[in-house]
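Input: a single structure, listed below in structure tokens.
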Amino acid sequence: MIHATAKIGNDVTLGENVVVEENVVIGNHVSIGHHVVIKKDTIIGNYVQIGDLTVLGKTTSSNKKMTRKPGQILNPLIIEDHVTIGCNSVIYRHVTLENGVFVGDLSSIREMVIVGEDSIVGRNAIVETNTKIGRRVTIQTGCYITADMVIEDEVFIGPCCSSSNDKYMGMGNYKHQGPIICKGAKIGNNATLLPAVIIGENAIVGAGSVITKDVPANKTVVGNPGKIIK
């Protein structure tokens, strides 16, 4: 089903049972897999590849228990040129995927997120709302990137890293702040980053570490709680 208001470029391949809603714009040389749903107002650039069963431009929802209600007015999803999105992924409105981004299968990217040029969001990774990811960042399989987080350019995050942004764990409507990972830092497998910690430039966080305090630039930390070893 393709809405009459949708604009589709040249050399676009559509799989079976694709839904394209109103005011969608699709560029040239785009490949769209089977059973893909592209929600209204989504903008897709040139040479984009979209895997089967993916939903693009999803709107937000909530229930009465949620203290942070999603915004009622959200900008369209923007997917720039040469982006690849895997199968069974869900990407919300008010997201920008810059040129060359790769999103693995089964991933979820929430609203108010920017993913910078040539970055990777690995298979089954989750990126929560109000998060900025820089250029040439690698986020590997199964990572949980919390809301209100900043990841600068050229950061590496190993598989199954977890982060948090709520110091009081749901006890009240306090300010949320996720970790800040500065340029060139590297985070090992299964590391846990607690709210508002700053990982300095080119720092290394060892596998399985629990980071409760800021990590200085160019230092290596390991353990629970994380301690500097060099």
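Following the order of the structure tokens, first chain is A, next is B, and so on, with residues numbered from 1 inside each chain and ligands from 1 in the order they appear.
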
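Using only C-alpha atoms, the residues found no farther than 9 Å from range 9-25 of chain A, other than those of its own chain fewer than 5 positions away, are Met1, Ile2, His3, Ala4, Val30, Ser31, Ile32, Gly33, His34, His35, Val36, Val37, Ile38, Lys39, Lys40, Asp41, Thr42, Ile43, Ile44, Gly45, Asn46, Asp52 and Leu53 of chain A.
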
Resulting file, chosen residues, N, CA, C and O atoms, as a CSV table (one decimal), in the first residue's frame:
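Final output, selection24.csv:
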```csv
chain,number,residue,atom,x,y,z
A,1,MET,N,0.8,-1.2,0.0
A,1,MET,CA,0.0,0.0,0.0
A,1,MET,C,0.9,1.2,0.0
A,1,MET,O,1.7,1.4,0.9
A,2,ILE,N,0.7,2.1,-1.0
A,2,ILE,CA,1.5,3.3,-1.1
A,2,ILE,C,0.5,4.5,-1.2
A,2,ILE,O,-0.3,4.5,-2.1
A,3,HIS,N,0.7,5.4,-0.2
A,3,HIS,CA,-0.3,6.5,-0.2
A,3,HIS,C,0.0,7.4,-1.4
A,3,HIS,O,1.1,7.6,-1.9
A,4,ALA,N,-1.1,8.0,-1.9
A,4,ALA,CA,-1.0,8.9,-3.1
A,4,ALA,C,-0.1,10.1,-2.9
A,4,ALA,O,0.5,10.6,-3.9
A,30,VAL,N,17.0,3.0,-3.8
A,30,VAL,CA,16.6,2.5,-2.4
A,30,VAL,C,16.1,1.1,-2.5
A,30,VAL,O,15.3,0.8,-3.4
A,31,SER,N,16.5,0.2,-1.6
A,31,SER,CA,16.0,-1.1,-1.5
A,31,SER,C,15.2,-1.3,-0.2
A,31,SER,O,15.8,-1.1,0.8
A,32,ILE,N,14.0,-1.7,-0.4
A,32,ILE,CA,13.1,-1.9,0.8
A,32,ILE,C,12.6,-3.3,0.8
A,32,ILE,O,12.0,-3.8,-0.1
A,33,GLY,N,12.8,-4.0,2.0
A,33,GLY,CA,12.5,-5.4,2.1
A,33,GLY,C,11.0,-5.7,2.2
A,33,GLY,O,10.2,-4.8,2.2
A,34,HIS,N,10.7,-7.0,2.4
A,34,HIS,CA,9.3,-7.4,2.6
A,34,HIS,C,8.7,-6.9,3.9
A,34,HIS,O,9.4,-6.9,4.9
A,35,HIS,N,7.4,-6.6,3.9
A,35,HIS,CA,6.6,-6.3,5.1
A,35,HIS,C,7.2,-5.1,5.9
A,35,HIS,O,7.0,-5.0,7.1
A,36,VAL,N,7.8,-4.2,5.2
A,36,VAL,CA,8.3,-2.9,5.9
A,36,VAL,C,7.1,-1.9,6.0
A,36,VAL,O,6.3,-1.8,5.0
A,37,VAL,N,7.1,-1.2,7.1
A,37,VAL,CA,6.1,-0.1,7.3
A,37,VAL,C,6.9,1.2,7.4
A,37,VAL,O,7.7,1.3,8.3
A,38,ILE,N,6.6,2.1,6.5
A,38,ILE,CA,7.2,3.4,6.6
A,38,ILE,C,6.1,4.4,7.0
A,38,ILE,O,5.2,4.7,6.2
A,39,LYS,N,6.2,5.0,8.2
A,39,LYS,CA,5.1,5.8,8.7
A,39,LYS,C,5.2,7.2,8.1
A,39,LYS,O,6.2,7.6,7.5
A,40,LYS,N,4.1,8.0,8.3
A,40,LYS,CA,4.0,9.3,7.6
A,40,LYS,C,5.1,10.2,7.9
A,40,LYS,O,5.7,10.2,9.0
A,41,ASP,N,5.4,11.0,6.9
A,41,ASP,CA,6.4,12.1,6.9
A,41,ASP,C,7.8,11.7,6.9
A,41,ASP,O,8.8,12.5,6.9
A,42,THR,N,8.1,10.4,6.9
A,42,THR,CA,9.5,9.9,6.9
A,42,THR,C,10.2,10.3,5.7
A,42,THR,O,9.7,10.3,4.6
A,43,ILE,N,11.5,10.7,5.8
A,43,ILE,CA,12.3,11.1,4.7
A,43,ILE,C,13.5,10.2,4.6
A,43,ILE,O,14.3,10.0,5.5
A,44,ILE,N,13.6,9.6,3.4
A,44,ILE,CA,14.7,8.6,3.1
A,44,ILE,C,15.5,9.1,2.0
A,44,ILE,O,15.0,9.4,0.9
A,45,GLY,N,16.9,9.1,2.2
A,45,GLY,CA,17.8,9.5,1.1
A,45,GLY,C,18.0,8.5,0.0
A,45,GLY,O,17.3,7.6,-0.2
A,46,ASN,N,19.2,8.7,-0.6
A,46,ASN,CA,19.6,7.8,-1.7
A,46,ASN,C,20.4,6.7,-1.3
A,46,ASN,O,21.1,6.8,-0.3
A,52,ASP,N,13.8,-6.6,5.9
A,52,ASP,CA,12.4,-7.1,6.1
A,52,ASP,C,11.9,-6.8,7.5
A,52,ASP,O,12.6,-6.8,8.4
A,53,LEU,N,10.6,-6.5,7.5
A,53,LEU,CA,9.8,-6.4,8.8
A,53,LEU,C,10.2,-5.3,9.7
A,53,LEU,O,10.0,-5.3,10.9
```

Handout entry: Residues within 6 Å of Ser119 in chain A, only C-alpha atoms, excluding chain neighbours under 3 positions, as a ChimeraX atom specification
Key = /A:101,116,135-138

Exercise for the section: Skip range 85-93 of chain A itself and residues of its chain fewer than 3 positions away, then list as a PyMOL selection string all residues within 8 Å of it, counting only C-alpha atoms. Expected result: chain A and resi 42+49-60+74-77+102-112

What would the file look like if the residues just selected were written as a compact mmCIF listing (two decimals), in the first residue's frame with C-alpha atoms?
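Output saved as result.txt:
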```
# COMPACT_ATOMS: atom_id res chain seq x y z
CA THR A 42 9.50 9.90 6.93
CA GLN A 49 18.85 -0.39 2.24
CA ILE A 50 16.02 -1.42 4.58
CA GLY A 51 15.61 -5.02 5.79
CA ASP A 52 12.44 -7.08 6.07
CA LEU A 53 9.80 -6.44 8.76
CA THR A 54 11.21 -3.08 9.84
CA VAL A 55 9.10 -0.12 11.06
CA LEU A 56 10.34 3.39 10.30
CA GLY A 57 8.96 6.60 11.82
CA LYS A 58 7.00 5.00 14.67
CA THR A 59 5.14 7.39 16.96
CA THR A 60 5.58 7.33 20.74
CA LEU A 74 7.84 15.10 16.96
CA ASN A 75 9.75 15.86 13.79
CA PRO A 76 9.88 13.27 11.00
CA LEU A 77 12.43 10.48 10.89
CA PHE A 102 24.57 0.99 9.82
CA VAL A 103 21.77 -0.32 12.07
CA GLY A 104 21.79 -4.05 12.78
CA ASP A 105 18.86 -6.46 12.91
CA LEU A 106 16.40 -6.28 15.83
CA SER A 107 17.55 -2.83 16.94
CA SER A 108 15.42 -0.06 18.43
CA ILE A 109 16.15 3.66 18.25
CA ARG A 110 13.84 5.96 20.18
CA GLU A 111 12.82 9.58 19.48
CA MET A 112 15.10 12.64 19.76
```

Per residue of range 45-156 of chain A within 8 Å of range 168-179 of chain A, record the nearest atom pair and its distance in Å to one decimal, counting only C-alpha atoms, with rows in chain order and ascending residue number, as a Markdown table.
```
| residue | atom | partner | partner_atom | distance |
| --- | --- | --- | --- | --- |
| A:Thr67 | CA | A:Asn173 | CA | 6.4 |
| A:Thr146 | CA | A:Gly178 | CA | 6.3 |
| A:Ala147 | CA | A:Gly178 | CA | 6.2 |
| A:Asp148 | CA | A:Gly178 | CA | 5.0 |
| A:Met149 | CA | A:Gly178 | CA | 4.3 |
| A:Val150 | CA | A:Pro179 | CA | 6.7 |
```

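Reported to one decimal place, the separation of CA of Ala125 in chain A from CA of Val215 in chain A is 24.0 Å.
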
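When DSSP is run on the backbone, the residues of range 158-215 of chain A that fall into strand (DSSP E or B) are Ser162, Ser163, Ile180, Ile181, Lys186, Ile187, Thr192, Leu193, Ile198, Ile199, Ile204, Val205, Val210, Ile211 and Val215 of chain A.
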
Selection file, all heavy atoms, as a CSV table (one decimal), in the first residue's frame:
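Dumped everything to selection.csv:
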```csv
chain,number,residue,atom,x,y,z
A,162,SER,N,25.9,-1.8,29.4
A,162,SER,CA,24.7,-1.3,29.9
A,162,SER,C,24.9,0.1,30.6
A,162,SER,O,26.0,0.3,31.2
A,162,SER,CB,24.1,-2.2,31.0
A,162,SER,OG,22.9,-1.7,31.6
A,163,SER,N,24.0,1.0,30.4
A,163,SER,CA,24.1,2.3,31.0
A,163,SER,C,22.8,2.7,31.7
A,163,SER,O,21.7,2.2,31.4
A,163,SER,CB,24.5,3.3,29.9
A,163,SER,OG,23.6,3.3,28.8
A,180,ILE,N,28.4,10.3,29.9
A,180,ILE,CA,29.0,11.1,28.7
A,180,ILE,C,30.3,10.3,28.4
A,180,ILE,O,31.2,10.2,29.3
A,180,ILE,CB,29.3,12.5,29.1
A,180,ILE,CG1,27.9,13.2,29.4
A,180,ILE,CG2,30.0,13.2,28.0
A,180,ILE,CD1,28.1,14.6,30.0
A,181,ILE,N,30.4,9.9,27.2
A,181,ILE,CA,31.6,9.1,26.7
A,181,ILE,C,32.3,10.0,25.7
A,181,ILE,O,31.8,10.3,24.7
A,181,ILE,CB,31.2,7.8,26.1
A,181,ILE,CG1,30.4,6.9,27.1
A,181,ILE,CG2,32.5,7.0,25.8
A,181,ILE,CD1,29.9,5.6,26.5
A,186,LYS,N,37.0,3.7,24.9
A,186,LYS,CA,36.7,2.4,24.5
A,186,LYS,C,36.1,1.7,25.8
A,186,LYS,O,36.7,1.7,26.9
A,186,LYS,CB,37.9,1.6,24.1
A,186,LYS,CG,38.5,2.1,22.7
A,186,LYS,CD,39.7,1.4,22.3
A,186,LYS,CE,40.1,1.8,20.9
A,186,LYS,NZ,40.3,3.2,20.7
A,187,ILE,N,34.9,1.0,25.6
A,187,ILE,CA,34.2,0.4,26.7
A,187,ILE,C,34.2,-1.1,26.4
A,187,ILE,O,33.7,-1.5,25.4
A,187,ILE,CB,32.8,1.0,26.8
A,187,ILE,CG1,32.8,2.5,26.7
A,187,ILE,CG2,32.1,0.4,28.1
A,187,ILE,CD1,33.5,3.2,27.8
A,192,THR,N,29.2,-1.7,32.9
A,192,THR,CA,28.0,-1.0,33.4
A,192,THR,C,28.4,0.4,33.7
A,192,THR,O,29.3,0.6,34.6
A,192,THR,CB,27.4,-1.7,34.6
A,192,THR,OG1,27.0,-3.0,34.3
A,192,THR,CG2,26.2,-0.9,35.1
A,193,LEU,N,27.8,1.4,33.1
A,193,LEU,CA,28.0,2.8,33.4
A,193,LEU,C,26.9,3.4,34.1
A,193,LEU,O,25.7,3.4,33.7
A,193,LEU,CB,28.2,3.5,32.0
A,193,LEU,CG,29.2,2.9,31.0
A,193,LEU,CD1,29.3,3.7,29.8
A,193,LEU,CD2,30.6,2.7,31.7
A,198,ILE,N,31.4,10.5,33.6
A,198,ILE,CA,32.1,11.0,32.4
A,198,ILE,C,33.3,10.1,32.1
A,198,ILE,O,34.2,10.0,33.0
A,198,ILE,CB,32.5,12.5,32.6
A,198,ILE,CG1,31.3,13.4,32.8
A,198,ILE,CG2,33.3,13.0,31.3
A,198,ILE,CD1,31.7,14.8,33.1
A,199,ILE,N,33.3,9.6,30.9
A,199,ILE,CA,34.5,8.7,30.5
A,199,ILE,C,35.3,9.6,29.6
A,199,ILE,O,34.9,10.1,28.6
A,199,ILE,CB,34.0,7.5,29.7
A,199,ILE,CG1,32.9,6.7,30.5
A,199,ILE,CG2,35.2,6.6,29.5
A,199,ILE,CD1,33.2,6.2,31.8
A,204,ILE,N,40.0,3.8,28.7
A,204,ILE,CA,39.6,2.5,28.4
A,204,ILE,C,38.9,1.9,29.7
A,204,ILE,O,39.4,2.0,30.8
A,204,ILE,CB,40.8,1.6,28.1
A,204,ILE,CG1,41.4,2.1,26.8
A,204,ILE,CG2,40.4,0.1,28.0
A,204,ILE,CD1,42.7,1.3,26.4
A,205,VAL,N,37.7,1.3,29.5
A,205,VAL,CA,37.0,0.7,30.5
A,205,VAL,C,37.0,-0.8,30.3
A,205,VAL,O,36.5,-1.3,29.2
A,205,VAL,CB,35.5,1.2,30.6
A,205,VAL,CG1,34.7,0.4,31.6
A,205,VAL,CG2,35.5,2.7,30.9
A,210,VAL,N,32.2,-1.9,36.6
A,210,VAL,CA,31.1,-1.1,37.0
A,210,VAL,C,31.7,0.3,37.3
A,210,VAL,O,32.4,0.5,38.2
A,210,VAL,CB,30.4,-1.7,38.2
A,210,VAL,CG1,29.2,-0.8,38.7
A,210,VAL,CG2,29.9,-3.1,37.9
A,211,ILE,N,31.2,1.3,36.5
A,211,ILE,CA,31.8,2.6,36.6
A,211,ILE,C,30.9,3.5,37.4
A,211,ILE,O,29.8,3.8,37.0
A,211,ILE,CB,32.1,3.2,35.2
A,211,ILE,CG1,33.0,2.3,34.4
A,211,ILE,CG2,32.7,4.6,35.3
A,211,ILE,CD1,34.3,1.9,35.1
A,215,VAL,N,36.0,8.8,34.8
A,215,VAL,CA,37.2,8.2,34.4
A,215,VAL,C,38.1,9.3,33.7
A,215,VAL,O,37.6,9.8,32.7
A,215,VAL,CB,37.0,7.0,33.5
A,215,VAL,CG1,38.3,6.4,33.0
A,215,VAL,CG2,36.1,5.9,34.2
```

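Straight-line separation from CA of Gly188 in chain A to CA of Gly208 in chain A: 7.0 Å.
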
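Across the model, the gap from CA of Leu97 in chain A to CA of Ile79 in chain A is 4.9 Å.
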